[in-house]
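Only one structure is covered here, and it is reproduced in the block below.
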6 protein chains.
Amino acid sequence: MNTANGETRQSKAIFPNTWNANETLFGGEALKWMDEVAYITATRYTRQKMFTVKIEEIQFKKPAYKVSFVEVIGKVVEVSAVKLKVLVEMFVEDMYSDESGIKAVEGIFVFAALGENRRPQRVRIKE
Amino acid sequence: MNTANGETRQSKAIFPNTWNANETLFGGEALKWMDEVAYITATRYTRQKMFTVKIEEIQFKKPAYKVSFVEVIGKVVEVSAVKLKVLVEMFVEDMYSDESGIKAVEGIFVFAALGENRRPQRVRIKE
Amino acid sequence: MNTANGETRQSKAIFPNTWNANETLFGGEALKWMDEVAYITATRYTRQKMFTVKIEEIQFKKPAYKVSFVEVIGKVVEVSAVKLKVLVEMFVEDMYSDESGIKAVEGIFVFAALGENRRPQRVRIKE
Amino acid sequence: MNTANGETRQSKAIFPNTWNANETLFGGEALKWMDEVAYITATRYTRQKMFTVKIEEIQFKKPAYKVSFVEVIGKVVEVSAVKLKVLVEMFVEDMYSDESGIKAVEGIFVFAALGENRRPQRVRIKE
Amino acid sequence: MNTANGETRQSKAIFPNTWNANETLFGGEALKWMDEVAYITATRYTRQKMFTVKIEEIQFKKPAYKVSFVEVIGKVVEVSAVKLKVLVEMFVEDMYSDESGIKAVEGIFVFAALGENRRPQRVRIKE
Amino acid sequence: MNTANGETRQSKAIFPNTWNANETLFGGEALKWMDEVAYITATRYTRQKMFTVKIEEIQFKKPAYKVSFVEVIGKVVEVSAVKLKVLVEMFVEDMYSDESGIKAVEGIFVFAALGENRRPQRVRIKE
């Protein structure tokens with residue numbers, strides 16, 4: 001498992017337990033997956049206790065209809081001593097067509113690091 | 001059930017199935033609850049098919065530790081023909097203390113209305 | 001967050017992950033929500049460790065069809081040194097109509113208080 | 001699979017996703033399992049569309065601590081043309097001891113039958 | 001609750017939260033139920049900490065369509081000092097017909113016992 | 001989203017809602033994730049309705065302790081007109097260490113293709 005490219009991926013099938021009342025992917029479910037991917041991406045980068053302090057604007061560009069897969073992809077896009085930003089994108093692809101996935105949702109998740117006694121700590125910056 | 005005040009509420013207990021690795025409320029779970037509350041708030045206002053187009057900045061101000069309840073509250077804060085904005089706040093209160101809840105997370109969820117054939121539609125504005 | 005009125009509310013959307021085989025809200029899911037609301041209501045009143053000892057008769061008056069929201073509301077209706085009773089009602093409202101919600105389920109949940117070493121304790125009665 | 005004895009069983013392990021804040025089985029989770037077992041028991045008996053109309057008093061006699069299994073058992077105890085009653089009992093047993101399970105929860109679930117157009121129907125009584 | 005016959009049973013209704021994209025029971029959900037039943041069966045036999053070391057071939061013989069119940073049944077089929085084998089079978093029955101259940105999935109789950117410090121331990125063999 | 005390399009990935013954090021009674025990842029949860037990844041991998045390859053017919057031996061080599069991430073990876077390893085085999089591996093990595101992930105579980109999932117009327121169909125083999 002090579003995580004050196006700084007990407008974390010989570011592929012999901014849009015099964016009925018993920019649907020809203022319109023039988024498309026419930027946005028809250030997508031947000032839950034995106035937050036998990038953001039958290040793993042941030043932690044893999046710093047190997048510190050990370051917690052979300054802010055989510056910058058999230059855009060929902062396209063619904064994920066029921067006969068589709070989605071792939072949630074996180075990558076670190078900015079790091080400083082006090083915060084780390086992860087771009088999370090969710091792509092949707094039709095189950096039965098070879099067309100490329102289309103971006104459905106994207107957002108920036110901002111993390112800080114936590115040390116002993118739940119105190120903020122400098123973010124470890126990789127050389 | 002009086003929904004005339006434009007508020008939708010969802011109280012939750014922070015049970016272990018909602019925890020992250022630090023045994024506090026997982027942020028993705030909070031986002032899922034907030035999106036459900038935002039969606040109900042928006043739909044109760046317009047009684048149209050509503051879908052999320054954007055979430056403006058979400059701020060995580062305070063973690064929800066394990067011996068606590070949270071209450072997620074949504075209210076419509078802005079309406080125009082093309083979009084409706086819902087402010088969603090999550091308050092956290094200690095289970096065994098009478099102190100008031102403290103704001104833990106807040107964000108603005110932006111919705112548009114969908115008509116027949118999944119086409120955008122004017123948002124119904126209440127007089 | 002004002003909990004002084006003694007009411008705890010939980011609004012929910014009837015998404016497919018809550019349905020039974022008839023594609024209406026599964027009764028067991030409703031009971032789970034009602035028990036969570038009862039537990040929060042009881043604990044907010046006493047701020048003691050509360051546990052359910054009994055549920056008095058629960059009546060299912062109306063199913064919750066799939067294009068609807070429900071709101072579960074708990075309030076303390078009786079308190080003595082040995083037990084506290086919470087009335088829990090679930091109202092169902094059509095997603096796309098402004099008609100008031102209709103009572104779908106109701107029941108009385110009876111709690112006792114637990115002290116150190118899991119021993120029963122007097123229920124704290126508010127003046 | 002012999003269902004002739006009129007019993008439906010559901011064994012469960014008390015994993016953390018079933019716990020309340022005291023790290024014992026959350027009562028709402030137990031109620032959800034009991035309702036599912038009641039529904040299967042009732043339907044297996046009549047092979048009609050059954051729905052819950054009432055739950056008679058449910059008694060919680062003993063908590064299910066975290067290192068335990070539970071077994072939920074349903075049996076039909078009364079049938080008439082208009083309703084069918086299922087007794088549901090939940091037994092708890094320590095994971096690492098051979099002692100018999102102890103009754104932790106019990107209740108009576110009352111069902112009616114539903115015909116075409118969601119109209120009530122006579123309950124099919126077995127000879 | 002008599003577990004002397006060495007069988008552990010878990011009956012389930014095929015509700016929408018268990019479906020895949022074809023609206024039949026998702027195989028992964030079936031595997032989760034089978035593993036829980038296998039684990040309970042193995043632990044009830046030895047009353048030791050058991051963990052899965054291997055699953056021998058699992059065969060999916062028949063899908064579980066949406067208007068059906070399934071019953072997952074585990075029994076110990078082989079025991080030695082180093083391992084214990086549990087046969088797990090899942091039967092599917094139509095909700096509204098009295099025909100016997102048909103075997104849908106079966107597999108052998110192999111367990112070992114764990115002592116203090118997470119060290120392997122001899123499996124306790126019943127006389 | 002490039003799926004040309006034939007790999008499907010699903011990264012997960014080992015949160016308490018995934019734990020068994022020993023507070024390590026519940027094997028049934030791992031199997032559910034592996035089956036979802038296998039299904040996506042198979043469908044992305046053929047773009048046909050795929051269903052699992054068999055799982056060849058699954059080996060559990062290492063538990064996933066609570067402070068860890070796992071990554072489930074699926075790749076097509078064999079294709080013929082009648083079946084398609086997907087190797088699924090689950091790697092576990094410590095949250096706070098840069099050491100490479102270690103293989104924890106692996107298995108081969110075997111799929112067949114389904115045409116109209118739920119009839120078996122030739123598997124589409126890529127040139």
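Labels for the structure tokens follow display order: chains A, B, ..., residues from 1 in each chain, ligands from 1.
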
Could you produce a table of the residues of chain C lying within 12 Å of chain D, with the nearest pair of atoms per residue and their separation in Å rounded to one decimal, using only C-alpha atoms, ordered by chain and increasing residue number, as a Markdown table?
| residue | atom | partner | partner_atom | distance |
| --- | --- | --- | --- | --- |
| C:Thr18 | CA | D:Lys32 | CA | 11.3 |
| C:Trp19 | CA | D:Glu36 | CA | 11.9 |
| C:Asn20 | CA | D:Glu36 | CA | 9.4 |
| C:Ala21 | CA | D:Lys49 | CA | 9.4 |
| C:Asn22 | CA | D:Lys49 | CA | 8.5 |
| C:Thr24 | CA | D:Phe51 | CA | 10.5 |
| C:Leu25 | CA | D:Phe51 | CA | 11.1 |
| C:Phe26 | CA | D:Glu36 | CA | 8.6 |
| C:Gly27 | CA | D:Asp35 | CA | 6.8 |
| C:Gly28 | CA | D:Lys32 | CA | 3.9 |
| C:Glu29 | CA | D:Lys32 | CA | 5.9 |
| C:Ala30 | CA | D:Lys32 | CA | 8.2 |
| C:Leu31 | CA | D:Leu31 | CA | 6.3 |
| C:Lys32 | CA | D:Gly28 | CA | 3.9 |
| C:Trp33 | CA | D:Gly28 | CA | 7.0 |
| C:Met34 | CA | D:Gly28 | CA | 7.6 |
| C:Asp35 | CA | D:Gly28 | CA | 5.0 |
| C:Glu36 | CA | D:Gly28 | CA | 6.5 |
| C:Val37 | CA | D:Gly28 | CA | 9.7 |
| C:Ala38 | CA | D:Gly28 | CA | 9.8 |
| C:Tyr39 | CA | D:Gly27 | CA | 9.3 |
| C:Ile40 | CA | D:Ala21 | CA | 11.1 |
| C:Thr43 | CA | D:Ala21 | CA | 11.6 |
| C:Gln48 | CA | D:Asn22 | CA | 12.0 |
| C:Lys49 | CA | D:Asn22 | CA | 8.5 |
| C:Met50 | CA | D:Asn22 | CA | 9.8 |
| C:Phe51 | CA | D:Gly27 | CA | 8.6 |
| C:Thr52 | CA | D:Phe60 | CA | 6.7 |
| C:Val53 | CA | D:Phe60 | CA | 4.9 |
| C:Lys54 | CA | D:Gln59 | CA | 4.6 |
| C:Ile55 | CA | D:Ile58 | CA | 5.0 |
| C:Glu56 | CA | D:Glu57 | CA | 4.6 |
| C:Glu57 | CA | D:Glu56 | CA | 4.6 |
| C:Ile58 | CA | D:Ile55 | CA | 5.0 |
| C:Gln59 | CA | D:Lys54 | CA | 4.6 |
| C:Phe60 | CA | D:Val53 | CA | 4.9 |
| C:Lys61 | CA | D:Val53 | CA | 6.9 |
| C:Lys62 | CA | D:Val53 | CA | 8.8 |
| C:Pro63 | CA | D:Phe51 | CA | 9.0 |
| C:Tyr65 | CA | D:Arg118 | CA | 11.8 |
| C:Ala104 | CA | D:Val53 | CA | 10.6 |
| C:Val105 | CA | D:Lys54 | CA | 9.2 |
| C:Glu106 | CA | D:Lys54 | CA | 9.7 |
| C:Gly107 | CA | D:Ile55 | CA | 9.1 |
| C:Ile108 | CA | D:Glu57 | CA | 9.5 |
| C:Phe109 | CA | D:Ile58 | CA | 9.4 |
| C:Val110 | CA | D:Gln59 | CA | 9.7 |
| C:Phe111 | CA | D:Phe60 | CA | 10.1 |
| C:Ala112 | CA | D:Phe60 | CA | 11.1 |
| C:Leu114 | CA | D:Asn22 | CA | 10.7 |
| C:Arg118 | CA | D:Asn22 | CA | 10.2 |

Mind writing the picked residues with N, CA and C atoms as a short mmCIF file (atom, residue, chain, number, x, y, z; two decimals), in the first residue's frame?
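The resulting result_20.cif:
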data_model
loop_
_atom_site.label_atom_id
_atom_site.label_comp_id
_atom_site.auth_asym_id
_atom_site.auth_seq_id
_atom_site.Cartn_x
_atom_site.Cartn_y
_atom_site.Cartn_z
N THR C 18 -34.48 3.66 6.40
CA THR C 18 -35.39 3.54 7.54
C THR C 18 -36.64 2.73 7.20
N TRP C 19 -36.72 2.21 5.96
CA TRP C 19 -37.95 1.55 5.52
C TRP C 19 -38.01 0.07 5.89
N ASN C 20 -39.25 -0.41 6.02
CA ASN C 20 -39.49 -1.85 6.11
C ASN C 20 -39.80 -2.38 4.69
N ALA C 21 -40.28 -3.62 4.62
CA ALA C 21 -40.53 -4.25 3.33
C ALA C 21 -41.69 -3.60 2.57
N ASN C 22 -42.54 -2.86 3.27
CA ASN C 22 -43.64 -2.15 2.61
C ASN C 22 -43.26 -0.73 2.19
N THR C 24 -42.54 1.74 4.05
CA THR C 24 -42.95 2.77 5.03
C THR C 24 -41.92 2.68 6.16
N LEU C 25 -41.95 3.64 7.07
CA LEU C 25 -40.98 3.63 8.18
C LEU C 25 -41.10 2.33 8.99
N PHE C 26 -39.99 1.63 9.16
CA PHE C 26 -39.93 0.42 9.98
C PHE C 26 -40.20 0.79 11.44
N GLY C 27 -41.16 0.10 12.06
CA GLY C 27 -41.53 0.39 13.45
C GLY C 27 -40.35 0.33 14.42
N GLY C 28 -39.44 -0.60 14.19
CA GLY C 28 -38.30 -0.75 15.08
C GLY C 28 -37.38 0.48 15.04
N GLU C 29 -37.30 1.09 13.86
CA GLU C 29 -36.51 2.32 13.72
C GLU C 29 -37.18 3.45 14.52
N ALA C 30 -38.52 3.54 14.42
CA ALA C 30 -39.25 4.55 15.18
C ALA C 30 -39.03 4.35 16.69
N LEU C 31 -39.06 3.09 17.13
CA LEU C 31 -38.86 2.80 18.56
C LEU C 31 -37.46 3.23 19.01
N LYS C 32 -36.48 3.02 18.16
CA LYS C 32 -35.10 3.40 18.49
C LYS C 32 -35.01 4.92 18.67
N TRP C 33 -35.62 5.67 17.75
CA TRP C 33 -35.62 7.12 17.87
C TRP C 33 -36.37 7.57 19.13
N MET C 34 -37.50 6.92 19.40
CA MET C 34 -38.30 7.30 20.56
C MET C 34 -37.54 7.03 21.86
N ASP C 35 -36.82 5.92 21.90
CA ASP C 35 -36.08 5.60 23.12
C ASP C 35 -34.93 6.59 23.33
N GLU C 36 -34.28 7.00 22.24
CA GLU C 36 -33.20 7.99 22.36
C GLU C 36 -33.77 9.32 22.87
N VAL C 37 -34.89 9.74 22.32
CA VAL C 37 -35.51 11.00 22.75
C VAL C 37 -35.97 10.90 24.21
N ALA C 38 -36.55 9.77 24.59
CA ALA C 38 -36.99 9.57 25.98
C ALA C 38 -35.81 9.68 26.93
N TYR C 39 -34.71 9.04 26.55
CA TYR C 39 -33.51 9.02 27.39
C TYR C 39 -32.92 10.42 27.56
N ILE C 40 -32.87 11.19 26.47
CA ILE C 40 -32.34 12.56 26.56
C ILE C 40 -33.29 13.41 27.42
N THR C 43 -32.84 12.50 31.14
CA THR C 43 -31.53 12.90 31.68
C THR C 43 -31.43 14.42 31.81
N GLN C 48 -29.11 12.99 36.13
CA GLN C 48 -28.59 11.77 36.75
C GLN C 48 -28.47 10.68 35.69
N LYS C 49 -27.76 9.59 36.01
CA LYS C 49 -27.74 8.43 35.11
C LYS C 49 -29.12 7.80 35.13
N MET C 50 -29.80 7.83 34.03
CA MET C 50 -31.16 7.30 33.97
C MET C 50 -31.17 6.01 33.15
N PHE C 51 -32.01 5.08 33.52
CA PHE C 51 -32.17 3.89 32.67
C PHE C 51 -33.65 3.53 32.58
N THR C 52 -34.04 2.99 31.45
CA THR C 52 -35.42 2.61 31.19
C THR C 52 -35.78 1.37 32.00
N VAL C 53 -36.88 1.43 32.78
CA VAL C 53 -37.33 0.23 33.49
C VAL C 53 -38.57 -0.38 32.83
N LYS C 54 -39.31 0.45 32.11
CA LYS C 54 -40.57 -0.05 31.56
C LYS C 54 -41.02 0.89 30.44
N ILE C 55 -41.71 0.34 29.47
CA ILE C 55 -42.42 1.18 28.52
C ILE C 55 -43.88 0.80 28.66
N GLU C 56 -44.71 1.78 28.99
CA GLU C 56 -46.14 1.48 29.04
C GLU C 56 -46.62 1.40 27.59
N GLU C 57 -47.78 0.88 27.40
CA GLU C 57 -48.34 0.66 26.06
C GLU C 57 -47.92 1.70 25.00
N ILE C 58 -47.45 1.20 23.87
CA ILE C 58 -47.14 2.06 22.72
C ILE C 58 -48.19 1.83 21.65
N GLN C 59 -48.77 2.92 21.16
CA GLN C 59 -49.80 2.78 20.12
C GLN C 59 -49.30 3.31 18.79
N PHE C 60 -49.43 2.47 17.76
CA PHE C 60 -49.10 2.86 16.40
C PHE C 60 -50.41 3.22 15.71
N LYS C 61 -50.61 4.52 15.45
CA LYS C 61 -51.90 4.98 14.94
C LYS C 61 -51.91 5.16 13.43
N LYS C 62 -50.75 5.37 12.86
CA LYS C 62 -50.69 5.76 11.46
C LYS C 62 -49.30 5.41 10.94
N PRO C 63 -49.18 4.84 9.74
CA PRO C 63 -47.83 4.57 9.23
C PRO C 63 -47.18 5.88 8.75
N TYR C 65 -45.43 7.15 5.67
CA TYR C 65 -45.12 6.80 4.29
C TYR C 65 -43.81 7.42 3.87
N ALA C 104 -48.56 9.79 14.92
CA ALA C 104 -48.42 8.46 14.33
C ALA C 104 -48.16 7.40 15.40
N VAL C 105 -47.39 7.73 16.42
CA VAL C 105 -47.05 6.77 17.47
C VAL C 105 -46.98 7.53 18.78
N GLU C 106 -47.37 6.89 19.88
CA GLU C 106 -47.12 7.50 21.19
C GLU C 106 -46.94 6.42 22.26
N GLY C 107 -46.17 6.77 23.29
CA GLY C 107 -45.94 5.82 24.38
C GLY C 107 -45.35 6.54 25.58
N ILE C 108 -45.41 5.86 26.72
CA ILE C 108 -44.85 6.40 27.97
C ILE C 108 -43.63 5.56 28.33
N PHE C 109 -42.49 6.20 28.48
CA PHE C 109 -41.24 5.52 28.86
C PHE C 109 -40.96 5.85 30.33
N VAL C 110 -40.71 4.82 31.12
CA VAL C 110 -40.52 4.99 32.56
C VAL C 110 -39.06 4.76 32.92
N PHE C 111 -38.46 5.72 33.62
CA PHE C 111 -37.04 5.66 33.97
C PHE C 111 -36.82 5.62 35.48
N ALA C 112 -35.71 5.04 35.90
CA ALA C 112 -35.24 5.16 37.28
C ALA C 112 -33.83 5.72 37.23
N LEU C 114 -29.76 5.88 38.57
CA LEU C 114 -28.69 4.97 38.95
C LEU C 114 -27.57 5.77 39.59
N ARG C 118 -23.76 1.29 40.21
CA ARG C 118 -24.99 0.86 39.52
C ARG C 118 -26.15 0.58 40.49
#

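The residue set within 8 Å of Val77 in chain A, counting only C-alpha atoms and dropping same-chain residues fewer than 6 places from it, reads Leu84, Lys85, Val86 and Leu87 of chain A.
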
Go ahead and save the residues from that selection, with N, CA, C and O atoms, as a PDB file, in the first residue's frame.
ATOM      1  N   LEU A  84      -3.346  22.540   8.158  1.00  0.00           N
ATOM      2  CA  LEU A  84      -3.108  21.704   6.986  1.00  0.00           C
ATOM      3  C   LEU A  84      -4.428  21.647   6.231  1.00  0.00           C
ATOM      4  O   LEU A  84      -5.483  21.433   6.820  1.00  0.00           O
ATOM      5  N   LYS A  85      -4.369  21.862   4.903  1.00  0.00           N
ATOM      6  CA  LYS A  85      -5.598  21.852   4.101  1.00  0.00           C
ATOM      7  C   LYS A  85      -5.643  20.633   3.191  1.00  0.00           C
ATOM      8  O   LYS A  85      -4.675  20.328   2.501  1.00  0.00           O
ATOM      9  N   VAL A  86      -6.793  19.974   3.193  1.00  0.00           N
ATOM     10  CA  VAL A  86      -7.002  18.802   2.345  1.00  0.00           C
ATOM     11  C   VAL A  86      -8.115  19.123   1.356  1.00  0.00           C
ATOM     12  O   VAL A  86      -9.205  19.537   1.749  1.00  0.00           O
ATOM     13  N   LEU A  87      -7.822  18.942   0.078  1.00  0.00           N
ATOM     14  CA  LEU A  87      -8.859  19.055  -0.954  1.00  0.00           C
ATOM     15  C   LEU A  87      -9.526  17.692  -1.080  1.00  0.00           C
ATOM     16  O   LEU A  87      -8.835  16.680  -1.271  1.00  0.00           O
TER      17      LEU A  87
END

Requested in this report: From a DSSP pass on the backbone, collect the residues of chain C flagged as helix (DSSP H, G or I) and hand them back as number ranges by chain.
Outcome: C: 16-18, 27-46, 116-118

Requested in this report: Write out as a VMD selection string all residues of range 36-108 of chain C that backbone DSSP assigns to strand (DSSP E).
Outcome: chain C and resid 49 to 55 58 to 60 68 to 79 84 to 94 102 to 108

Requested in this report: Can you work out which one of A:Glu23, A:Arg119, A:Ile125, A:Thr8 has the shortest atom-to-atom distance to Lys66 in chain C, counting only C-alpha atoms?
Outcome: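 Of all the options, A:Glu23 lies closest to Lys66 in chain C.
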
Report task. Write out as a list in words the residues lying within 6 Å of Phe91 in chain F, counting only C-alpha atoms and excluding same-chain residues fewer than 5 positions away. Result -> Val70, Glu71, Gly101, Ile102, Lys103 and Ala104 of chain F

File dump, residues just selected, C-alpha atoms, as a PDB file, in the first residue's frame:
ATOM      1  CA  VAL F  70      -7.134   0.112   6.747  1.00  0.00           C
ATOM      2  CA  GLU F  71      -7.061   0.176   2.985  1.00  0.00           C
ATOM      3  CA  GLY F 101       0.770  -1.029   5.851  1.00  0.00           C
ATOM      4  CA  ILE F 102       0.793  -4.768   6.578  1.00  0.00           C
ATOM      5  CA  LYS F 103      -1.495  -7.243   4.859  1.00  0.00           C
ATOM      6  CA  ALA F 104      -4.237  -8.194   7.311  1.00  0.00           C
TER       7      ALA F 104
END
